[in-house]
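A.B. asks: For reference, the structure I am asking about is given below.
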Amino acid sequence: MNGSRTFSILDGINRRRILGFAAAIAIGAALPAAASDDKVVVGVVLPLSGAFADQGSHYETGMRLYQKVHGTKVADKEVELVVRDDQGPGSGDLARRLTQELILRNGANIILGYSFTPNAMSVATLLTEAKIPAIIVNAATSSITTKSDYFTRVSMTLSQVTYTLGKWAASNGIGSAYTIVSDYAPGIDAETWFTNGFTEGGGKVLGSDRTPVAATEYGPFLQRAIEAKPGAIFAFNPGGDVSIAFMKQSGERLKGTGIKLMVTGDVVDDNLLPAMGSAVQDVISAWHYQEDVDTPENKAFLEAFRADHEGAPSYRVLQGYDGMDMIYKALEETGGDVSADALMSRFKGMKLASPRGPILIEPDTRDITQNIYIRKGEFVDGKGSNNTIAVVDMVRDPAK
């Protein structure tokens, strides 16, 4: 009897706490663990375990690198990173819960993170209700920023990259293509906008396939593409081991066919090249960061990275680094004011001299305009590299 009554009371308390949390979010009430006046809390939501843990660690490396170079204080306030693990794609409910906890329990003033589209989409209404700004560190589906007025993005959109690649391919002697993309929102964006750019330039798409997001066997898809006899195959998949598997199989199956391979730059991320071997040879890719960008900002970024790490930094390191730069620049301009209106007004129209080149956050879309680099893969003396062959200046997301 007493045990039953105790359970009922506790259950009621828990229900009231849950409802209280929801109410606080809904009305933008004072947070239970609000940051002190001399501190800015940046809530960070990244995949830090599971199949995509490597990706999450790179973003965090970039954030920590920025603070190593620029310090942990801006506008007389200490900037604290509170990092949480959303475990990768398919964890939208977890990403939303972690974001809510960062806001309510940790007093986060701003969120930086979301590597995958489903996770970013899951928090849109929460950010709007709580009036908390969020910088998307990677998720690349174009429409994400339309889901909340408190979203901005420091990475790229798949439409921005693939439309540019399609237009470039059609104007550089490739008359036909076959597409192979992962079957989720970014893949569909990639397929749609590559096709738009390619066909607008006079190219013809002979066929297409969509693969499971975590696929590691691409033989049947590649065989269908080869039988269609296109001038090129365009492919997108989510990076990591998935991209390594795709590239190795493509390198073997396309050898001697005369079919070119074109991909988004994350498929041939510089830090993945050692595992791909000779498969990178002659692969055409388009991306928003290139290690050989010849600017003082990139030289300083590479020097700082190589002081503690070997090899080339992933573009994900860069995105984490630039996300912190956005936050610091905004805080400098607001004099440390962390109110949502103050921060969002500074993000809109913000210009940065990034290691990747110039950046503009469009004031009307809160999305990023930047250079897109067309690269060609080379494998020399047992080492793979991506080398710039063309630059398309200041590309705005064509989907907006």
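Every chain in the structure tokens takes a letter, A first, then B, and so on in the order presented; its residues are numbered from 1, and the ligands are numbered from 1 following the presented order.
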So that I can check the surroundings of stretch 346-356 of chain A, please list as a PyMOL selection string every protein, DNA and RNA residue that reaches within 9 Å of it, counting only C-alpha atoms and ignoring chain neighbours fewer than 3 positions away.

C.D. replies: chain A and resi 152+288-291+293-302+318+322+325-327+329-331+333-334+341-343+359-367+370-371

A.B. asks: Quick one: which stretch 260-345 of chain A residues come within 7 Å of stretch 375-383 of chain A, and what is the nearest atom pair for each with the distance in Å to one decimal, counting only C-alpha atoms, rows ordered by chain and ascending number, as JSON lines?

C.D. replies:
{"residue": "A:Pro274", "atom": "CA", "partner": "A:Lys383", "partner_atom": "CA", "distance": 6.9}
{"residue": "A:Ser278", "atom": "CA", "partner": "A:Phe379", "partner_atom": "CA", "distance": 5.6}
{"residue": "A:Val280", "atom": "CA", "partner": "A:Gly377", "partner_atom": "CA", "distance": 5.2}
{"residue": "A:Gln281", "atom": "CA", "partner": "A:Glu378", "partner_atom": "CA", "distance": 4.5}
{"residue": "A:Asp282", "atom": "CA", "partner": "A:Gly377", "partner_atom": "CA", "distance": 4.8}
{"residue": "A:Val283", "atom": "CA", "partner": "A:Gly377", "partner_atom": "CA", "distance": 5.0}
{"residue": "A:Ile284", "atom": "CA", "partner": "A:Lys376", "partner_atom": "CA", "distance": 4.7}
{"residue": "A:Ser285", "atom": "CA", "partner": "A:Arg375", "partner_atom": "CA", "distance": 5.2}
{"residue": "A:Ala286", "atom": "CA", "partner": "A:Arg375", "partner_atom": "CA", "distance": 6.1}

A.B. asks: Which residues in stretch 146-324 of chain A does DSSP call strand (DSSP E)? List them as an NGL selection string.

C.D. replies: :A and (151-153 or 176-182 or 204-211 or 232-236 or 260-264 or 284-287)

A.B. asks: Rounded to one decimal, what separation in Å do you get between atom CA of A:Ser143 and atom CA of A:Trp287?

C.D. replies: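 Calculated distance between atom CA of A:Ser143 and atom CA of A:Trp287 is 19.2 Å.
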
A.B. asks: Would you mind telling me which residue in A:Arg84, A:Lys255, A:Lys400, A:His70 lies nearest to A:Thr146 when using only C-alpha atoms?

C.D. replies: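 Counting only C-alpha atoms, the residue closest to A:Thr146 is A:Lys400.
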
A.B. asks: Given only C-alpha atoms as the basis, pick out the residue of A:Asn386, A:Ser208, A:Asp241, A:Tyr163 nearest to A:Gly265.

C.D. replies: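 Of the candidates, the smallest distance to A:Gly265 is held by A:Asn386.
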
A.B. asks: Smallest atom-to-atom distance to A:Gly43: which of A:Val74, A:Ala215, A:Leu112, A:Val79, using only C-alpha atoms?

C.D. replies: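 That would be A:Leu112, the residue with the smallest distance to A:Gly43.
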
A.B. asks: Out of A:Ser155, A:Asn119, A:Thr141, A:Thr369, which residue has the shortest atom-to-atom distance to A:Ala185 when counting only C-alpha atoms?

C.D. replies: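 Closest residue, counting only C-alpha atoms: A:Thr141.
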
A.B. asks: Just list as a ChimeraX atom specification whatever in stretch 19-179 of chain A DSSP marks as helix (DSSP H, G or I).

C.D. replies: /A:19-27,50-70,92-104,117-122,124-130,142-146,158-170

A.B. asks: Mind checking which residues fall within 7 Å of A:Tyr178, counting only C-alpha atoms, ignoring those fewer than 3 positions away in the same chain, and posting them as a PDB file with N, CA and C atoms, in the first residue's frame?

C.D. replies:
ATOM      1  N   VAL A 205      20.807  12.416 -68.525  1.00  0.00           N
ATOM      2  CA  VAL A 205      20.905  11.399 -67.485  1.00  0.00           C
ATOM      3  C   VAL A 205      20.247  10.120 -67.993  1.00  0.00           C
ATOM      4  N   LEU A 206      21.027   9.038 -68.061  1.00  0.00           N
ATOM      5  CA  LEU A 206      20.551   7.786 -68.650  1.00  0.00           C
ATOM      6  C   LEU A 206      19.842   6.878 -67.656  1.00  0.00           C
ATOM      7  N   GLY A 207      20.042   7.105 -66.383  1.00  0.00           N
ATOM      8  CA  GLY A 207      19.406   6.261 -65.379  1.00  0.00           C
ATOM      9  C   GLY A 207      19.869   6.648 -63.993  1.00  0.00           C
ATOM     10  N   SER A 208      19.230   6.088 -62.962  1.00  0.00           N
ATOM     11  CA  SER A 208      19.595   6.430 -61.590  1.00  0.00           C
ATOM     12  C   SER A 208      19.279   5.277 -60.662  1.00  0.00           C
ATOM     13  N   ALA A 225      24.853   0.663 -63.941  1.00  0.00           N
ATOM     14  CA  ALA A 225      25.369   1.907 -64.503  1.00  0.00           C
ATOM     15  C   ALA A 225      26.303   1.629 -65.683  1.00  0.00           C
ATOM     16  N   PRO A 230      27.160   5.256 -69.803  1.00  0.00           N
ATOM     17  CA  PRO A 230      27.204   6.722 -69.714  1.00  0.00           C
ATOM     18  C   PRO A 230      28.634   7.234 -69.884  1.00  0.00           C
ATOM     19  N   ALA A 232      29.755   9.309 -67.694  1.00  0.00           N
ATOM     20  CA  ALA A 232      30.198   9.425 -66.304  1.00  0.00           C
ATOM     21  C   ALA A 232      29.140   8.871 -65.360  1.00  0.00           C
ATOM     22  N   ILE A 233      29.583   8.467 -64.187  1.00  0.00           N
ATOM     23  CA  ILE A 233      28.698   8.139 -63.075  1.00  0.00           C
ATOM     24  C   ILE A 233      28.841   9.248 -62.042  1.00  0.00           C
ATOM     25  N   PHE A 234      27.705   9.775 -61.577  1.00  0.00           N
ATOM     26  CA  PHE A 234      27.721  10.719 -60.460  1.00  0.00           C
ATOM     27  C   PHE A 234      27.244   9.970 -59.227  1.00  0.00           C
TER      28      PHE A 234
END

A.B. asks: Which polymer residues have any atom within 7 Å of an atom of A:Gly175, counting only C-alpha atoms, with same-chain residues fewer than 3 positions away left out, as a PDB file with N, CA and C atoms, in the first residue's frame?

C.D. replies:
ATOM      1  N   ALA A 170      28.777  19.225 -67.754  1.00  0.00           N
ATOM      2  CA  ALA A 170      28.151  19.369 -69.066  1.00  0.00           C
ATOM      3  C   ALA A 170      28.937  20.312 -69.972  1.00  0.00           C
ATOM      4  N   GLY A 203      23.514  18.111 -70.860  1.00  0.00           N
ATOM      5  CA  GLY A 203      23.786  16.696 -70.619  1.00  0.00           C
ATOM      6  C   GLY A 203      22.512  15.880 -70.508  1.00  0.00           C
ATOM      7  N   LYS A 204      22.658  14.559 -70.588  1.00  0.00           N
ATOM      8  CA  LYS A 204      21.519  13.652 -70.510  1.00  0.00           C
ATOM      9  C   LYS A 204      21.772  12.606 -69.433  1.00  0.00           C
ATOM     10  N   GLY A 231      28.744   8.529 -70.101  1.00  0.00           N
ATOM     11  CA  GLY A 231      30.074   9.125 -70.108  1.00  0.00           C
ATOM     12  C   GLY A 231      30.640   9.212 -68.706  1.00  0.00           C
TER      13      GLY A 231
END

A.B. asks: Could you state the separation of atom CA of A:Ile144 and atom CA of A:Ala120 in Å, given to one decimal place?

C.D. replies: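 The value is 7.2 Å.
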
A.B. asks: Name all residues at most 10 Å from A:Leu94 (count only C-alpha atoms; drop same-chain ones fewer than 4 positions away) and give them as a ChimeraX atom specification.

C.D. replies: /A:85-88,90,98-100,119,122-123

A.B. asks: Given the selection you just returned, output its residues as a file containing C-alpha atoms, formatted as a PDB file, in the first residue's frame.

C.D. replies:
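Done, and the output landed in selection_23.pdb:
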ATOM      1  CA  ASP A  85      26.450  12.536 -28.364  1.00  0.00           C
ATOM      2  CA  ASP A  86      23.449  12.073 -30.693  1.00  0.00           C
ATOM      3  CA  GLN A  87      24.855   8.745 -32.006  1.00  0.00           C
ATOM      4  CA  GLY A  88      24.454   9.590 -35.674  1.00  0.00           C
ATOM      5  CA  GLY A  90      18.323   7.935 -37.346  1.00  0.00           C
ATOM      6  CA  LEU A  98      19.717  16.324 -25.917  1.00  0.00           C
ATOM      7  CA  THR A  99      19.043  19.761 -27.364  1.00  0.00           C
ATOM      8  CA  GLN A 100      16.213  20.328 -24.885  1.00  0.00           C
ATOM      9  CA  ASN A 119      18.641  15.131 -36.449  1.00  0.00           C
ATOM     10  CA  SER A 122      13.949  17.039 -35.379  1.00  0.00           C
ATOM     11  CA  VAL A 123      14.933  20.126 -33.360  1.00  0.00           C
TER      12      VAL A 123
END
